[in-house]
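Here's the structure we're looking at; comments come further down.
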Amino acid sequence: TLVDLLESAAAKFGDRPAVSMQADEGTMVRWSYRELERRSRLAAWRIRAMGLAPGDRLLTWSPSAPELVAVYFGAMRAGVVLVPLDLRMAHDAARRIAERSGAGHLVLGTGRDAPDPTGSGLDTLPMTTTEALTADPGPDVPGDWEDRVATWERPTPDDVYLLVYTSGTTGTPKGVMLAHGNTVAGIDGFHHVIPDIEYRIVSLLPMSHLFEQAIGLYLTLDLGADILYVRSRNPRVVTEAIRSHRTTGMVMVPQYLDLFWSGLLREIDRRGHRALFDRVRRLVHRLPLALRRWIMAFVRDPVLGRDFVLFVSAGAYLPPAVQQGWEDIGIVVLQGYGSTETGSGTCTTWDDHPVGTVGRPLPGVEMRIAGDGEVQFRGPTVTRGYFDDPAATGAAFTADGFYMTGDLGHLDPDGRLVLHGRKKDMIVLPNGFNVFPEDIENALRVAGIRDSVVLETEPGRIEAVMLRTEDDEAADRQRVDAAVKAANATLAVHARVADWTFWPDEDFPRTLTLKVKRNEIRARIAPDAPMQVQQAE
């Protein structure tokens with residue numbers, strides 16, 4: 001179980017730093033492995049003292065912090081099921097999840113970015129804070145608390161410890177049930193694909209997301225990592241934290257990887273090295289990674305430090321150009337694919353990470369491509385279903401037990417998975433051809449359009465929605481026209497963009513994991529008529 005994992009790490013790594021965070025007032029909270037394990041047992045005692053019993057659900061709404069890590073492990077030890085809420089979650093979504101899960105208590109984080117439960121109606125629940133649950137023993141804790149906790153029945157691999165709700169904005173949210181054995185199986189599989197290095201991690205992703213929990217926390221603790229939580233999203237603060245922590249790797253979603261890459265290019269421009277960088281990059285593109293790393297130190301090390309070697313990316317589509325950019329300067333990008341329901345799925349490896357693929361199934365995971373191209377999984381990492389929703393559970397699995405992801409893909413000649421996009425987003429043209437929006441969006445990106453969404457606005461008509469990047473609208477239109485023309489030259493005739501328009505807002509609507517909400521974009525773009533915009537050549 002994950003409790004076993006923490007105890008084993010505490011015994012193995014002892015007083016080595018485990019989790020730390022710079023608090024709002026500038027002080028540093030830093031716990032060793034041994035201290036994290038002790039604080040988790042304190043949290044477990046207090047969770048039981050709140051009246052919660054094994055199987056009860058506990059809402060957590062908190063920024064990432066050492067205290068939240070201890071609360072997570074404390075709830076597991078107490079047998080209580082965690083129901084994490086994302087910090088950016090709308091109040092009505094949080095309320096629906098609370099109601100659907102039947103959670104009777106709420107644990108709030110603290111600090112300037114802590115959520116306010118008032119608007120969601122969750123302030124009517126019994127509440128406590130992560131700091132109160134993990135504080136040193138006071139009058140509320142008896143002197144023999146440790147002996148008592150030691151007598152509790154331990155969780156088993158089959159015990160559900162987590163409910164992750166995949167949708168709470170409209171309708172009825174579905175709670176994915178994950179047991180200890182699901183997550184531990186995934187961690188065991190990842191040990192086969194990651195490098196044997198010293199892990200010093202800077203964490204930016206919310207722990208409400210399974211990707212950050214499983215890889216950014218549980219796996220890295222199992223590896224003896226030193227994890228630093230950074231709440232600020234100011235680029236200078238983040239890059240300074242990365243350098244000062246001597247960070248070796250980070251867990252990222254693709255949009256963050258993209259933003260970091262753009263930031264790196266801006267820094268290169270600021271230093272006046274852009275022409276040199278572009279020239280050297282063309283020369284080293286096909287050299288071995290170690291040689292690229294040595295040659296490109298002049299642009300990489302001032303920003304990320306000399307120890308940085310690895311990004312792990314998942315959660316959305318990663319444009320191949322972004323991965324290639326990082327690898328051109330000597331940083332490996334491992335790309336994983338899966339869903340909350342699958343726990344894990346496929347991953348590239350340290351020795352095999354070509355762009356454009358998400359790798360092979362992890363050990364113990366079965367994957368197949370159905371007749372219609374859908375990717376399906378079966379194995380020990382896969383959820384047992386949705387909480388209190390047998391109908392949704394039955395609809396998600398095939399008769400022989402494979403989870404249907406809704407994603408489309410194929411295997412390359414070496415057996416690696418290549419994704420096309422969501423099954424529901426695939427465009428079937430009147431002539432019977434299939435068009436995958438992400439393929440067109442990637443062609444646009446290669447042509448210079450960083451963000452776009454491709455839609456079928458009427459049968460057989462493919463149009464694109466772009467974000468503004470220039471203050472001068474005429475110049476921006478000229479830039480986009482040229483990029484669309486260049487992209488169309490690389491696409492099959494039936495996949496070419498007929499028209500395009502600018503999105504009216506600064507950014508597309510996105511999910512909590514920064515995926516674009518295509519349905520909201522589609523709802524605002526008239527589906528029964530071409531866009532009234534300039535015709536693209």
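Naming works like this for the structure tokens: A, B, ... for the chains as they're shown, residue 1 at the start of each chain, ligands 1 onward in shown order.
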
Sorted by chain and rising residue number, list the residues of region 141-190 of chain A at most 12 Å from region 30-41 of chain A (counting only C-alpha atoms), each with its closest atom pair and distance in Å to one decimal, as a tab-separated table.
residue	atom	partner	partner_atom	distance
A:Val141	CA	A:Arg41	CA	11.6
A:Trp145	CA	A:Arg41	CA	9.1
A:Glu146	CA	A:Arg41	CA	7.6
A:Asp147	CA	A:Arg41	CA	10.7
A:Arg148	CA	A:Arg41	CA	10.4
A:Val149	CA	A:Arg41	CA	7.2
A:Ala150	CA	A:Arg41	CA	9.2
A:Trp152	CA	A:Arg41	CA	11.2

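Of all the residues in region 33-100 of chain A, the ones DSSP labels as strand (DSSP E or B) from the backbone are Arg57, Leu58, Leu59, Thr60, Trp61, Val81, Leu82, Val83, Pro84 and Leu85 of chain A.
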
Please produce a file of the residues just selected, as a PDB file, in the first residue's frame, where the atoms kept are N, CA, C and O atoms.
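And here is the file that came out, out-v4.pdb:
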ATOM      1  N   ARG A  57     -15.607   9.535   3.569  1.00  0.00           N
ATOM      2  CA  ARG A  57     -14.950  10.388   2.598  1.00  0.00           C
ATOM      3  C   ARG A  57     -14.570  11.729   3.224  1.00  0.00           C
ATOM      4  O   ARG A  57     -15.327  12.292   4.018  1.00  0.00           O
ATOM      5  N   LEU A  58     -13.412  12.244   2.821  1.00  0.00           N
ATOM      6  CA  LEU A  58     -12.883  13.484   3.361  1.00  0.00           C
ATOM      7  C   LEU A  58     -12.485  14.406   2.207  1.00  0.00           C
ATOM      8  O   LEU A  58     -11.616  14.070   1.401  1.00  0.00           O
ATOM      9  N   LEU A  59     -13.122  15.574   2.120  1.00  0.00           N
ATOM     10  CA  LEU A  59     -12.774  16.560   1.108  1.00  0.00           C
ATOM     11  C   LEU A  59     -11.493  17.280   1.499  1.00  0.00           C
ATOM     12  O   LEU A  59     -11.318  17.663   2.661  1.00  0.00           O
ATOM     13  N   THR A  60     -10.601  17.486   0.542  1.00  0.00           N
ATOM     14  CA  THR A  60      -9.422  18.322   0.751  1.00  0.00           C
ATOM     15  C   THR A  60      -9.420  19.413  -0.308  1.00  0.00           C
ATOM     16  O   THR A  60      -9.647  19.145  -1.485  1.00  0.00           O
ATOM     17  N   TRP A  61      -9.164  20.639   0.135  1.00  0.00           N
ATOM     18  CA  TRP A  61      -9.144  21.788  -0.778  1.00  0.00           C
ATOM     19  C   TRP A  61      -7.973  22.653  -0.362  1.00  0.00           C
ATOM     20  O   TRP A  61      -8.081  23.469   0.552  1.00  0.00           O
ATOM     21  N   VAL A  81     -11.252   7.853   2.852  1.00  0.00           N
ATOM     22  CA  VAL A  81     -11.097   8.042   1.409  1.00  0.00           C
ATOM     23  C   VAL A  81     -10.972   9.526   1.091  1.00  0.00           C
ATOM     24  O   VAL A  81     -11.834  10.330   1.442  1.00  0.00           O
ATOM     25  N   LEU A  82      -9.897   9.884   0.398  1.00  0.00           N
ATOM     26  CA  LEU A  82      -9.649  11.271   0.011  1.00  0.00           C
ATOM     27  C   LEU A  82     -10.500  11.668  -1.187  1.00  0.00           C
ATOM     28  O   LEU A  82     -10.625  10.909  -2.151  1.00  0.00           O
ATOM     29  N   VAL A  83     -11.048  12.887  -1.128  1.00  0.00           N
ATOM     30  CA  VAL A  83     -11.775  13.463  -2.264  1.00  0.00           C
ATOM     31  C   VAL A  83     -11.176  14.847  -2.514  1.00  0.00           C
ATOM     32  O   VAL A  83     -11.602  15.838  -1.921  1.00  0.00           O
ATOM     33  N   PRO A  84     -10.138  14.958  -3.366  1.00  0.00           N
ATOM     34  CA  PRO A  84      -9.474  16.244  -3.575  1.00  0.00           C
ATOM     35  C   PRO A  84     -10.301  17.175  -4.471  1.00  0.00           C
ATOM     36  O   PRO A  84     -10.891  16.749  -5.459  1.00  0.00           O
ATOM     37  N   LEU A  85     -10.318  18.439  -4.108  1.00  0.00           N
ATOM     38  CA  LEU A  85     -10.897  19.494  -4.936  1.00  0.00           C
ATOM     39  C   LEU A  85      -9.757  20.344  -5.486  1.00  0.00           C
ATOM     40  O   LEU A  85      -8.799  20.645  -4.779  1.00  0.00           O
TER      41      LEU A  85
END

Near region 511-522 of chain A, 9 Å: region 290-325 of chain A residue rows, closest pairs, only C-alpha atoms, as JSON lines:
{"residue": "A:Gly315", "atom": "CA", "partner": "A:Thr513", "partner_atom": "CA", "distance": 6.6}
{"residue": "A:Ala316", "atom": "CA", "partner": "A:Lys515", "partner_atom": "CA", "distance": 6.1}
{"residue": "A:Tyr317", "atom": "CA", "partner": "A:Lys515", "partner_atom": "CA", "distance": 8.3}

- For Thr490 (chain A), the nearest of the candidates A:Glu458, A:Arg445, A:Gly336, A:Asp400, counting only C-alpha atoms: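 Among A:Glu458, A:Arg445, A:Gly336, A:Asp400, it is A:Arg445 that comes nearest to Thr490 (chain A).
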
- Message: As an exercise, work out the distance from CA of Gly448 (chain A) to CA of Ala314 (chain A) in Å and give it to one decimal place.
- Response: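 According to the coordinates, CA of Gly448 (chain A) and CA of Ala314 (chain A) are separated by 23.0 Å.
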
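When CA of Val176 (chain A) is paired with CA of Thr340 (chain A), their separation reads 7.0 Å.
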
- Query: CA of Asp507 (chain A) and CA of Ala464 (chain A), how far apart in Å?
  - Reply: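 Distance reported for this atom pair: 14.6 Å.
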
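You can rank A:Ala492, A:Leu467, A:Val309, A:Met250 by their closest distance to Trp350 (chain A) using only C-alpha atoms, and at the top of that list sits A:Val309.
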
- Task: Could you find all residues in region 119-272 of chain A that DSSP calls alpha helix (DSSP H) from the backbone, and write them as a ChimeraX atom specification?
- Result: /A:130-134,145-151,180-190,210-211,220-222,235-244,254-270

- Within 9 Å of region 194-209 of chain A, counting only C-alpha atoms, which residues qualify if same-chain residues fewer than 3 places away don't, as number ranges by chain? A: 60-64, 68-69, 83-87, 164, 190-191, 212-214, 216-217, 220, 223-233, 238, 241-242, 245-253, 334, 340, 349-351, 512-513
